[in-house]
Amino acid sequence: LITYLVGKGVYDWDKAQMGWLIGIPVLTGSLMRLPIGILTDKYGGRIVYSTLLIVSAVPMFLVSYADSFIGFLLAGLGFGLAGASFAVGIAFTSIWFEKKHQGTALGIFGAGNAGAAITSMLAPLMLKSLTNDGVDIEGWRTLPQIYAVVLAVTGVLFYLFTHSRKVEGHEGYTLGQRLAPLRNMRVWRFGLYYFLVFGGFVALAQWLIPYYVNVYTMTVATAGMMAAIFSLPSGVIRAFGGWMSDRIGARSVMYE
């Protein structure tokens, strides 16, 4: 959306400002994963996931009213909360399976990351249709409203069609007890791996569309298709990677 609006001359933002607007939602989602994960352990994934999606829908809807750099920045900070849903999902998914099957289950859950690739393909086409190929440029404001409705509806459906389940034996845990894993160096080490590997992947995936548009003068739709080709396999391979982790261990898979 940001690349499209700048490309159409609706806003005159430089590349640094575009980078902030594209990256801020990812940053919010990353920083909120720890507190959201703690809430998931305490209250269960059903209520936390549903609430998170519905709450995220509000700033997503407000994007349609944004008309300045600060407006888009604040809205991005808000709907970036949706990124923390990954922490809820892995916690909620894993408790339904024995350890020997958790890798496969989490891999299948993680394959949902392919949704980002689908957005890269479909959002530019939706923008083209909503704006009548740029003739009615203000039609872009319908796009975040559609996404907001999808978020809210998904949150309601998730609540209605899932069951509550929390980590056993954690009732009455204090905040200090829930933060105890942070004293384990292994947690920080794996976090560093994740930061470097997946962080680099997300950064590149986020920047590919404006890169293709600015460097190769592609249309946003074509750039979205190219970006999807890059990011779609990551979702598909996650299920296989999880299955491999169950078979030979996560450490061996990481090194491979």
# chains A, B, ... in the order shown; residues from 1 in each chain; ligands from 1

call {"tool": "residues_around", "arguments": {"residues": "A:Leu73", "least_positions_apart": "5", "cutoff": "12 Å", "atoms": "only C-alpha atoms", "output": "list in words"}}
result
Ile2, Gln17, Met18, Gly19, Trp20, Leu21, Ile22, Gly23, Ile24, Pro25, Val26, Leu27, Thr28, Pro59, Met60, Leu62, Val63, Ala66, Asp67, Ser68, Gly78, Phe79 and Gly80 of chain A

call {"tool": "write_last_selection", "arguments": {"atoms": "N, CA and C atoms", "output": "short mmCIF file (atom, residue, chain, number, x, y, z; two decimals), in the first residue's frame"}}
result
data_model
loop_
_atom_site.label_atom_id
_atom_site.label_comp_id
_atom_site.auth_asym_id
_atom_site.auth_seq_id
_atom_site.Cartn_x
_atom_site.Cartn_y
_atom_site.Cartn_z
N ILE A 2 1.91 1.28 0.84
CA ILE A 2 2.79 2.45 0.91
C ILE A 2 3.48 2.67 -0.43
N GLN A 17 11.51 7.26 4.95
CA GLN A 17 10.16 7.29 5.52
C GLN A 17 9.37 6.06 5.13
N MET A 18 9.53 5.62 3.88
CA MET A 18 8.86 4.40 3.45
C MET A 18 9.35 3.21 4.27
N GLY A 19 10.65 3.19 4.55
CA GLY A 19 11.22 2.11 5.36
C GLY A 19 10.62 2.07 6.75
N TRP A 20 10.43 3.25 7.35
CA TRP A 20 9.81 3.33 8.68
C TRP A 20 8.38 2.78 8.64
N LEU A 21 7.62 3.20 7.65
CA LEU A 21 6.22 2.79 7.59
C LEU A 21 6.08 1.30 7.31
N ILE A 22 7.00 0.74 6.52
CA ILE A 22 6.95 -0.68 6.21
C ILE A 22 7.43 -1.52 7.39
N GLY A 23 8.43 -1.00 8.13
CA GLY A 23 9.05 -1.78 9.18
C GLY A 23 8.41 -1.68 10.56
N ILE A 24 7.74 -0.55 10.83
CA ILE A 24 7.17 -0.33 12.16
C ILE A 24 6.19 -1.42 12.61
N PRO A 25 5.26 -1.86 11.75
CA PRO A 25 4.35 -2.93 12.19
C PRO A 25 5.08 -4.21 12.59
N VAL A 26 6.15 -4.54 11.86
CA VAL A 26 6.94 -5.73 12.19
C VAL A 26 7.60 -5.56 13.55
N LEU A 27 8.10 -4.35 13.82
CA LEU A 27 8.76 -4.08 15.10
C LEU A 27 7.77 -4.23 16.25
N THR A 28 6.58 -3.68 16.10
CA THR A 28 5.56 -3.80 17.14
C THR A 28 5.24 -5.26 17.43
N PRO A 59 -6.93 -0.39 14.69
CA PRO A 59 -5.98 0.49 14.00
C PRO A 59 -5.86 0.17 12.52
N MET A 60 -6.11 -1.10 12.14
CA MET A 60 -6.11 -1.42 10.72
C MET A 60 -7.20 -0.63 10.00
N LEU A 62 -8.42 2.17 10.99
CA LEU A 62 -8.08 3.59 11.05
C LEU A 62 -7.05 3.99 10.00
N VAL A 63 -6.36 3.02 9.41
CA VAL A 63 -5.45 3.32 8.31
C VAL A 63 -6.20 4.04 7.19
N ALA A 66 -6.04 7.68 7.68
CA ALA A 66 -4.72 8.31 7.78
C ALA A 66 -4.46 9.20 6.57
N ASP A 67 -3.83 10.34 6.82
CA ASP A 67 -3.55 11.26 5.71
C ASP A 67 -2.23 11.99 5.91
N SER A 68 -1.34 11.39 6.72
CA SER A 68 -0.04 11.99 6.96
C SER A 68 0.93 10.88 7.36
N GLY A 78 -0.16 0.28 15.74
CA GLY A 78 -1.33 -0.41 16.29
C GLY A 78 -1.59 -1.75 15.65
N PHE A 79 -1.73 -1.78 14.31
CA PHE A 79 -2.10 -3.06 13.70
C PHE A 79 -0.92 -4.03 13.65
N GLY A 80 0.30 -3.52 13.96
CA GLY A 80 1.45 -4.41 14.07
C GLY A 80 1.30 -5.42 15.19
#

call {"tool": "residues_around", "arguments": {"residues": "A:Thr142", "least_positions_apart": "3", "cutoff": "8 Å", "atoms": "only C-alpha atoms", "output": "JSON, numbers by chain"}}
result
{"A": [64, 130, 139, 145, 146]}

call {"tool": "select_by_dssp", "arguments": {"residues": "stretch 147-243 of chain A", "states": "helix (DSSP H, G or I)", "output": "PyMOL selection string"}}
result
chain A and resi 147-161+175-178+180-183+185-216+220-243

call {"tool": "residues_around", "arguments": {"residues": "A:Ile36", "least_positions_apart": "4", "cutoff": "10 Å", "atoms": "only C-alpha atoms", "output": "mmCIF file with all heavy atoms, in the first residue's frame"}}
result
data_model
loop_
_atom_site.group_PDB
_atom_site.id
_atom_site.type_symbol
_atom_site.label_atom_id
_atom_site.label_comp_id
_atom_site.auth_asym_id
_atom_site.auth_seq_id
_atom_site.Cartn_x
_atom_site.Cartn_y
_atom_site.Cartn_z
ATOM 1 N N GLY A 29 5.034 -6.025 16.356
ATOM 2 C CA GLY A 29 4.723 -7.435 16.521
ATOM 3 C C GLY A 29 5.822 -8.199 17.222
ATOM 4 O O GLY A 29 5.569 -9.101 18.024
ATOM 5 N N LEU A 31 8.214 -6.911 19.381
ATOM 6 C CA LEU A 31 8.374 -6.494 20.775
ATOM 7 C C LEU A 31 7.232 -6.984 21.663
ATOM 8 O O LEU A 31 7.428 -7.192 22.861
ATOM 9 C CB LEU A 31 8.461 -4.968 20.852
ATOM 10 C CG LEU A 31 9.690 -4.327 20.186
ATOM 11 C CD1 LEU A 31 9.624 -2.809 20.295
ATOM 12 C CD2 LEU A 31 10.979 -4.847 20.819
ATOM 13 N N MET A 32 6.076 -7.176 21.068
ATOM 14 C CA MET A 32 4.905 -7.587 21.859
ATOM 15 C C MET A 32 4.798 -9.096 22.021
ATOM 16 O O MET A 32 3.923 -9.577 22.743
ATOM 17 C CB MET A 32 3.627 -7.052 21.204
ATOM 18 C CG MET A 32 3.458 -5.540 21.308
ATOM 19 S SD MET A 32 3.483 -4.943 23.024
ATOM 20 C CE MET A 32 2.012 -5.738 23.676
ATOM 21 N N THR A 40 -0.734 -15.595 27.073
ATOM 22 C CA THR A 40 -1.223 -16.870 26.540
ATOM 23 C C THR A 40 -1.037 -17.984 27.547
ATOM 24 O O THR A 40 -1.926 -18.827 27.740
ATOM 25 C CB THR A 40 -0.484 -17.216 25.235
ATOM 26 O OG1 THR A 40 -0.656 -16.156 24.289
ATOM 27 C CG2 THR A 40 -1.018 -18.506 24.635
ATOM 28 N N ASP A 41 0.131 -18.010 28.208
ATOM 29 C CA ASP A 41 0.364 -19.023 29.247
ATOM 30 C C ASP A 41 -0.632 -18.882 30.393
ATOM 31 O O ASP A 41 -1.066 -19.875 30.988
ATOM 32 C CB ASP A 41 1.788 -18.898 29.802
ATOM 33 C CG ASP A 41 2.832 -19.457 28.842
ATOM 34 O OD1 ASP A 41 2.454 -20.242 27.952
ATOM 35 O OD2 ASP A 41 4.015 -19.114 28.988
ATOM 36 N N LYS A 42 -0.991 -17.649 30.698
ATOM 37 C CA LYS A 42 -1.859 -17.400 31.854
ATOM 38 C C LYS A 42 -3.330 -17.618 31.544
ATOM 39 O O LYS A 42 -4.064 -18.234 32.335
ATOM 40 C CB LYS A 42 -1.638 -15.976 32.364
ATOM 41 C CG LYS A 42 -2.410 -15.666 33.642
ATOM 42 C CD LYS A 42 -2.026 -14.307 34.206
ATOM 43 C CE LYS A 42 -2.748 -14.031 35.519
ATOM 44 N NZ LYS A 42 -2.363 -12.728 36.101
ATOM 45 N N GLY A 45 -4.705 -19.675 24.806
ATOM 46 C CA GLY A 45 -4.616 -19.115 23.456
ATOM 47 C C GLY A 45 -5.936 -18.689 22.861
ATOM 48 O O GLY A 45 -5.982 -17.764 22.050
ATOM 49 N N VAL A 48 -6.828 -15.047 24.101
ATOM 50 C CA VAL A 48 -5.784 -14.079 23.738
ATOM 51 C C VAL A 48 -5.723 -13.894 22.223
ATOM 52 O O VAL A 48 -5.636 -12.764 21.732
ATOM 53 C CB VAL A 48 -4.414 -14.525 24.289
ATOM 54 C CG1 VAL A 48 -3.308 -13.587 23.798
ATOM 55 C CG2 VAL A 48 -4.438 -14.558 25.811
ATOM 56 N N TYR A 49 -5.782 -14.999 21.482
ATOM 57 C CA TYR A 49 -5.705 -14.906 20.015
ATOM 58 C C TYR A 49 -6.904 -14.122 19.472
ATOM 59 O O TYR A 49 -6.755 -13.229 18.625
ATOM 60 C CB TYR A 49 -5.679 -16.309 19.416
ATOM 61 C CG TYR A 49 -4.933 -16.430 18.109
ATOM 62 C CD1 TYR A 49 -3.889 -17.320 17.957
ATOM 63 C CD2 TYR A 49 -5.281 -15.656 17.011
ATOM 64 C CE1 TYR A 49 -3.201 -17.440 16.768
ATOM 65 C CE2 TYR A 49 -4.607 -15.759 15.818
ATOM 66 C CZ TYR A 49 -3.563 -16.662 15.697
ATOM 67 O OH TYR A 49 -2.877 -16.761 14.505
ATOM 68 N N LEU A 52 -6.636 -10.446 20.383
ATOM 69 C CA LEU A 52 -5.556 -9.794 19.642
ATOM 70 C C LEU A 52 -5.994 -9.443 18.221
ATOM 71 O O LEU A 52 -5.743 -8.339 17.733
ATOM 72 C CB LEU A 52 -4.335 -10.709 19.609
ATOM 73 C CG LEU A 52 -3.073 -10.155 18.935
ATOM 74 C CD1 LEU A 52 -2.549 -8.952 19.706
ATOM 75 C CD2 LEU A 52 -1.996 -11.240 18.862
ATOM 76 N N LEU A 81 0.358 -5.166 16.114
ATOM 77 C CA LEU A 81 0.071 -6.122 17.190
ATOM 78 C C LEU A 81 -0.266 -7.502 16.630
ATOM 79 O O LEU A 81 -0.027 -8.522 17.275
ATOM 80 C CB LEU A 81 -1.102 -5.619 18.038
ATOM 81 C CG LEU A 81 -0.832 -4.452 18.992
ATOM 82 C CD1 LEU A 81 -2.152 -3.936 19.551
ATOM 83 C CD2 LEU A 81 0.084 -4.893 20.122
ATOM 84 N N ALA A 84 2.215 -10.313 16.767
ATOM 85 C CA ALA A 84 2.438 -11.068 17.999
ATOM 86 C C ALA A 84 1.599 -12.331 18.044
ATOM 87 O O ALA A 84 1.786 -13.174 18.927
ATOM 88 C CB ALA A 84 2.131 -10.192 19.210
ATOM 89 N N SER A 85 0.692 -12.485 17.100
ATOM 90 C CA SER A 85 -0.167 -13.675 17.079
ATOM 91 C C SER A 85 0.654 -14.948 16.891
ATOM 92 O O SER A 85 0.213 -16.038 17.278
ATOM 93 C CB SER A 85 -1.207 -13.556 15.953
ATOM 94 O OG SER A 85 -0.571 -13.500 14.686
ATOM 95 N N PHE A 86 1.848 -14.816 16.330
ATOM 96 C CA PHE A 86 2.703 -15.988 16.149
ATOM 97 C C PHE A 86 3.057 -16.609 17.495
ATOM 98 O O PHE A 86 3.065 -17.837 17.654
ATOM 99 C CB PHE A 86 3.966 -15.599 15.381
ATOM 100 C CG PHE A 86 4.783 -16.785 14.935
ATOM 101 C CD1 PHE A 86 4.350 -17.579 13.881
ATOM 102 C CD2 PHE A 86 5.972 -17.106 15.562
ATOM 103 C CE1 PHE A 86 5.087 -18.675 13.466
ATOM 104 C CE2 PHE A 86 6.723 -18.201 15.150
ATOM 105 C CZ PHE A 86 6.275 -18.992 14.093
ATOM 106 N N ALA A 87 3.342 -15.760 18.472
ATOM 107 C CA ALA A 87 3.679 -16.256 19.807
ATOM 108 C C ALA A 87 2.485 -16.969 20.440
ATOM 109 O O ALA A 87 2.646 -17.972 21.140
ATOM 110 C CB ALA A 87 4.136 -15.105 20.700
ATOM 111 N N VAL A 88 1.289 -16.441 20.192
ATOM 112 C CA VAL A 88 0.085 -17.076 20.726
ATOM 113 C C VAL A 88 -0.123 -18.426 20.047
ATOM 114 O O VAL A 88 -0.395 -19.442 20.687
ATOM 115 C CB VAL A 88 -1.157 -16.199 20.500
ATOM 116 C CG1 VAL A 88 -2.370 -16.804 21.196
ATOM 117 C CG2 VAL A 88 -0.918 -14.785 20.981
#

call {"tool": "residues_around", "arguments": {"residues": "A:Ser164", "least_positions_apart": "2", "cutoff": "8 Å", "atoms": "only C-alpha atoms", "output": "PyMOL selection string"}}
result
chain A and resi 44-47+162+166

call {"tool": "write_last_selection", "arguments": {"atoms": "all heavy atoms", "output": "PDB file, in the first residue's frame"}}
result
ATOM      1  N   GLY A  44      -4.642 -18.646  28.268  1.00  0.00           N
ATOM      2  CA  GLY A  44      -4.950 -19.582  27.194  1.00  0.00           C
ATOM      3  C   GLY A  44      -5.007 -18.901  25.837  1.00  0.00           C
ATOM      4  O   GLY A  44      -5.327 -17.711  25.720  1.00  0.00           O
ATOM      5  N   GLY A  45      -4.705 -19.675  24.806  1.00  0.00           N
ATOM      6  CA  GLY A  45      -4.616 -19.115  23.456  1.00  0.00           C
ATOM      7  C   GLY A  45      -5.936 -18.689  22.861  1.00  0.00           C
ATOM      8  O   GLY A  45      -5.982 -17.764  22.050  1.00  0.00           O
ATOM      9  N   ARG A  46      -7.013 -19.326  23.259  1.00  0.00           N
ATOM     10  CA  ARG A  46      -8.304 -19.021  22.651  1.00  0.00           C
ATOM     11  C   ARG A  46      -8.703 -17.565  22.858  1.00  0.00           C
ATOM     12  O   ARG A  46      -8.979 -16.834  21.899  1.00  0.00           O
ATOM     13  CB  ARG A  46      -9.377 -19.942  23.224  1.00  0.00           C
ATOM     14  CG  ARG A  46     -10.750 -19.749  22.599  1.00  0.00           C
ATOM     15  CD  ARG A  46     -11.802 -20.489  23.395  1.00  0.00           C
ATOM     16  NE  ARG A  46     -13.112 -20.427  22.758  1.00  0.00           N
ATOM     17  CZ  ARG A  46     -14.252 -20.562  23.409  1.00  0.00           C
ATOM     18  NH1 ARG A  46     -14.241 -20.763  24.727  1.00  0.00           N
ATOM     19  NH2 ARG A  46     -15.414 -20.493  22.774  1.00  0.00           N
ATOM     20  N   ILE A  47      -8.716 -17.124  24.098  1.00  0.00           N
ATOM     21  CA  ILE A  47      -9.156 -15.767  24.389  1.00  0.00           C
ATOM     22  C   ILE A  47      -8.122 -14.729  23.948  1.00  0.00           C
ATOM     23  O   ILE A  47      -8.473 -13.663  23.426  1.00  0.00           O
ATOM     24  CB  ILE A  47      -9.473 -15.602  25.903  1.00  0.00           C
ATOM     25  CG1 ILE A  47     -10.044 -14.221  26.182  1.00  0.00           C
ATOM     26  CG2 ILE A  47      -8.232 -15.860  26.758  1.00  0.00           C
ATOM     27  CD1 ILE A  47     -11.378 -13.948  25.543  1.00  0.00           C
ATOM     28  N   THR A 162     -12.946 -22.840  18.566  1.00  0.00           N
ATOM     29  CA  THR A 162     -11.807 -23.480  19.231  1.00  0.00           C
ATOM     30  C   THR A 162     -12.162 -23.751  20.690  1.00  0.00           C
ATOM     31  O   THR A 162     -13.206 -23.309  21.179  1.00  0.00           O
ATOM     32  CB  THR A 162     -10.553 -22.593  19.167  1.00  0.00           C
ATOM     33  OG1 THR A 162     -10.839 -21.318  19.759  1.00  0.00           O
ATOM     34  CG2 THR A 162     -10.087 -22.394  17.733  1.00  0.00           C
ATOM     35  N   LYS A 166      -4.864 -24.500  28.555  1.00  0.00           N
ATOM     36  CA  LYS A 166      -3.687 -23.789  29.036  1.00  0.00           C
ATOM     37  C   LYS A 166      -2.604 -24.778  29.431  1.00  0.00           C
ATOM     38  O   LYS A 166      -2.854 -25.968  29.603  1.00  0.00           O
ATOM     39  CB  LYS A 166      -4.042 -22.895  30.228  1.00  0.00           C
ATOM     40  CG  LYS A 166      -5.012 -21.773  29.890  1.00  0.00           C
ATOM     41  CD  LYS A 166      -5.248 -20.852  31.074  1.00  0.00           C
ATOM     42  CE  LYS A 166      -6.113 -21.509  32.130  1.00  0.00           C
ATOM     43  NZ  LYS A 166      -6.469 -20.570  33.209  1.00  0.00           N
TER      44      LYS A 166
END

call {"tool": "atom_distance", "arguments": {"atom1": "atom CA of A:Gly76", "atom2": "atom CA of A:Phe109"}}
result
24.5 Å

call {"tool": "closest_atom_pairs", "arguments": {"of": "stretch 109-152 of chain A", "to": "stretch 101-105 of chain A", "cutoff": "12 Å", "atoms": "only C-alpha atoms", "output": "CSV"}}
result
residue,atom,partner,partner_atom,distance
A:Phe109,CA,A:Ala105,CA,6.3
A:Gly110,CA,A:Ala105,CA,8.6
A:Ala111,CA,A:Ala105,CA,10.0
A:Gly112,CA,A:Ala105,CA,11.8

call {"tool": "residues_around", "arguments": {"residues": "A:Ser120", "least_positions_apart": "6", "cutoff": "7 Å", "atoms": "only C-alpha atoms", "output": "number ranges by chain"}}
result
A: 224-225, 227-228

call {"tool": "write_last_selection", "arguments": {"atoms": "N, CA and C atoms", "output": "mmCIF file, in the first residue's frame"}}
result
data_model
loop_
_atom_site.group_PDB
_atom_site.id
_atom_site.type_symbol
_atom_site.label_atom_id
_atom_site.label_comp_id
_atom_site.auth_asym_id
_atom_site.auth_seq_id
_atom_site.Cartn_x
_atom_site.Cartn_y
_atom_site.Cartn_z
ATOM 1 N N GLY A 224 4.652 -7.338 -6.634
ATOM 2 C CA GLY A 224 4.028 -8.187 -5.637
ATOM 3 C C GLY A 224 4.124 -9.658 -6.001
ATOM 4 N N MET A 225 3.954 -9.954 -7.276
ATOM 5 C CA MET A 225 4.073 -11.331 -7.734
ATOM 6 C C MET A 225 5.501 -11.843 -7.544
ATOM 7 N N ALA A 227 7.721 -10.727 -5.362
ATOM 8 C CA ALA A 227 7.968 -10.858 -3.926
ATOM 9 C C ALA A 227 7.320 -12.122 -3.380
ATOM 10 N N ALA A 228 6.148 -12.461 -3.917
ATOM 11 C CA ALA A 228 5.455 -13.672 -3.478
ATOM 12 C C ALA A 228 6.246 -14.921 -3.849
#

call {"tool": "residues_around", "arguments": {"residues": "A:Gly7", "least_positions_apart": "3", "cutoff": "9 Å", "atoms": "only C-alpha atoms", "output": "PyMOL selection string"}}
result
chain A and resi 2-4+10-12+213-214+220

call {"tool": "write_last_selection", "arguments": {"atoms": "all heavy atoms", "output": "mmCIF file, in the first residue's frame"}}
result
data_model
loop_
_atom_site.group_PDB
_atom_site.id
_atom_site.type_symbol
_atom_site.label_atom_id
_atom_site.label_comp_id
_atom_site.auth_asym_id
_atom_site.auth_seq_id
_atom_site.Cartn_x
_atom_site.Cartn_y
_atom_site.Cartn_z
ATOM 1 N N ILE A 2 1.908 1.285 0.838
ATOM 2 C CA ILE A 2 2.789 2.446 0.908
ATOM 3 C C ILE A 2 3.483 2.670 -0.426
ATOM 4 O O ILE A 2 3.553 3.798 -0.941
ATOM 5 C CB ILE A 2 3.831 2.264 2.036
ATOM 6 C CG1 ILE A 2 3.142 2.188 3.404
ATOM 7 C CG2 ILE A 2 4.855 3.397 2.018
ATOM 8 C CD1 ILE A 2 2.306 3.394 3.749
ATOM 9 N N THR A 3 3.990 1.590 -1.018
ATOM 10 C CA THR A 3 4.665 1.696 -2.319
ATOM 11 C C THR A 3 3.708 2.207 -3.383
ATOM 12 O O THR A 3 4.071 3.042 -4.216
ATOM 13 C CB THR A 3 5.213 0.320 -2.737
ATOM 14 O OG1 THR A 3 6.052 -0.195 -1.698
ATOM 15 C CG2 THR A 3 6.031 0.427 -4.014
ATOM 16 N N TYR A 4 2.486 1.713 -3.346
ATOM 17 C CA TYR A 4 1.477 2.120 -4.320
ATOM 18 C C TYR A 4 1.164 3.611 -4.198
ATOM 19 O O TYR A 4 1.118 4.334 -5.205
ATOM 20 C CB TYR A 4 0.210 1.290 -4.114
ATOM 21 C CG TYR A 4 -0.917 1.631 -5.071
ATOM 22 C CD1 TYR A 4 -0.961 1.077 -6.342
ATOM 23 C CD2 TYR A 4 -1.942 2.501 -4.700
ATOM 24 C CE1 TYR A 4 -1.995 1.383 -7.224
ATOM 25 C CE2 TYR A 4 -2.973 2.812 -5.559
ATOM 26 C CZ TYR A 4 -2.991 2.248 -6.829
ATOM 27 O OH TYR A 4 -4.010 2.556 -7.695
ATOM 28 N N VAL A 10 0.515 10.186 -4.416
ATOM 29 C CA VAL A 10 -0.427 10.620 -3.378
ATOM 30 C C VAL A 10 0.332 11.228 -2.207
ATOM 31 O O VAL A 10 -0.095 12.222 -1.619
ATOM 32 C CB VAL A 10 -1.291 9.433 -2.899
ATOM 33 C CG1 VAL A 10 -2.269 9.894 -1.810
ATOM 34 C CG2 VAL A 10 -2.045 8.819 -4.073
ATOM 35 N N TYR A 11 1.482 10.621 -1.869
ATOM 36 C CA TYR A 11 2.340 11.125 -0.795
ATOM 37 C C TYR A 11 3.778 11.204 -1.299
ATOM 38 O O TYR A 11 4.226 10.353 -2.064
ATOM 39 C CB TYR A 11 2.264 10.212 0.444
ATOM 40 C CG TYR A 11 0.877 10.128 1.020
ATOM 41 C CD1 TYR A 11 0.090 8.988 0.824
ATOM 42 C CD2 TYR A 11 0.337 11.183 1.758
ATOM 43 C CE1 TYR A 11 -1.193 8.913 1.340
ATOM 44 C CE2 TYR A 11 -0.943 11.112 2.264
ATOM 45 C CZ TYR A 11 -1.709 9.975 2.054
ATOM 46 O OH TYR A 11 -2.983 9.915 2.557
ATOM 47 N N ASP A 12 4.490 12.209 -0.835
ATOM 48 C CA ASP A 12 5.857 12.433 -1.281
ATOM 49 C C ASP A 12 6.831 12.038 -0.173
ATOM 50 O O ASP A 12 7.500 12.887 0.410
ATOM 51 C CB ASP A 12 6.058 13.908 -1.674
ATOM 52 C CG ASP A 12 7.436 14.154 -2.267
ATOM 53 O OD1 ASP A 12 8.023 13.188 -2.797
ATOM 54 O OD2 ASP A 12 7.926 15.295 -2.186
ATOM 55 N N VAL A 213 9.954 -1.998 -7.667
ATOM 56 C CA VAL A 213 9.285 -0.844 -8.285
ATOM 57 C C VAL A 213 10.283 0.264 -8.610
ATOM 58 O O VAL A 213 10.273 0.824 -9.707
ATOM 59 C CB VAL A 213 8.171 -0.311 -7.351
ATOM 60 C CG1 VAL A 213 7.641 1.034 -7.866
ATOM 61 C CG2 VAL A 213 7.039 -1.327 -7.247
ATOM 62 N N ASN A 214 11.171 0.572 -7.650
ATOM 63 C CA ASN A 214 12.095 1.698 -7.830
ATOM 64 C C ASN A 214 13.288 1.380 -8.726
ATOM 65 O O ASN A 214 13.744 2.246 -9.477
ATOM 66 C CB ASN A 214 12.608 2.164 -6.461
ATOM 67 C CG ASN A 214 11.520 2.787 -5.613
ATOM 68 O OD1 ASN A 214 10.707 3.559 -6.114
ATOM 69 N ND2 ASN A 214 11.467 2.435 -4.333
ATOM 70 N N VAL A 220 3.354 -2.227 -9.308
ATOM 71 C CA VAL A 220 3.224 -2.783 -7.964
ATOM 72 C C VAL A 220 2.693 -4.220 -8.035
ATOM 73 O O VAL A 220 3.106 -5.085 -7.253
ATOM 74 C CB VAL A 220 2.300 -1.907 -7.100
ATOM 75 C CG1 VAL A 220 2.063 -2.547 -5.747
ATOM 76 C CG2 VAL A 220 2.903 -0.521 -6.924
#

call {"tool": "residues_around", "arguments": {"residues": "stretch 114-116 of chain A", "least_positions_apart": "4", "cutoff": "12 Å", "atoms": "only C-alpha atoms", "output": "list in words"}}
result
Gly83, Gly107, Ile108, Phe109, Gly110, Ser120, Met121, Leu122, Ala123, Val202, Ala205, Gln206, Gly224, Met225, Ala227, Ala228, Ile229, Phe230, Ser231, Leu232, Pro233, Ser234, Gly235, Val236, Ile237, Arg238 and Ala239 of chain A

call {"tool": "closest_residue", "arguments": {"among": "A:Ala16, A:Phe61, A:Leu179, A:Thr222", "to": "A:Ile209", "atoms": "only C-alpha atoms"}}
result
A:Thr222
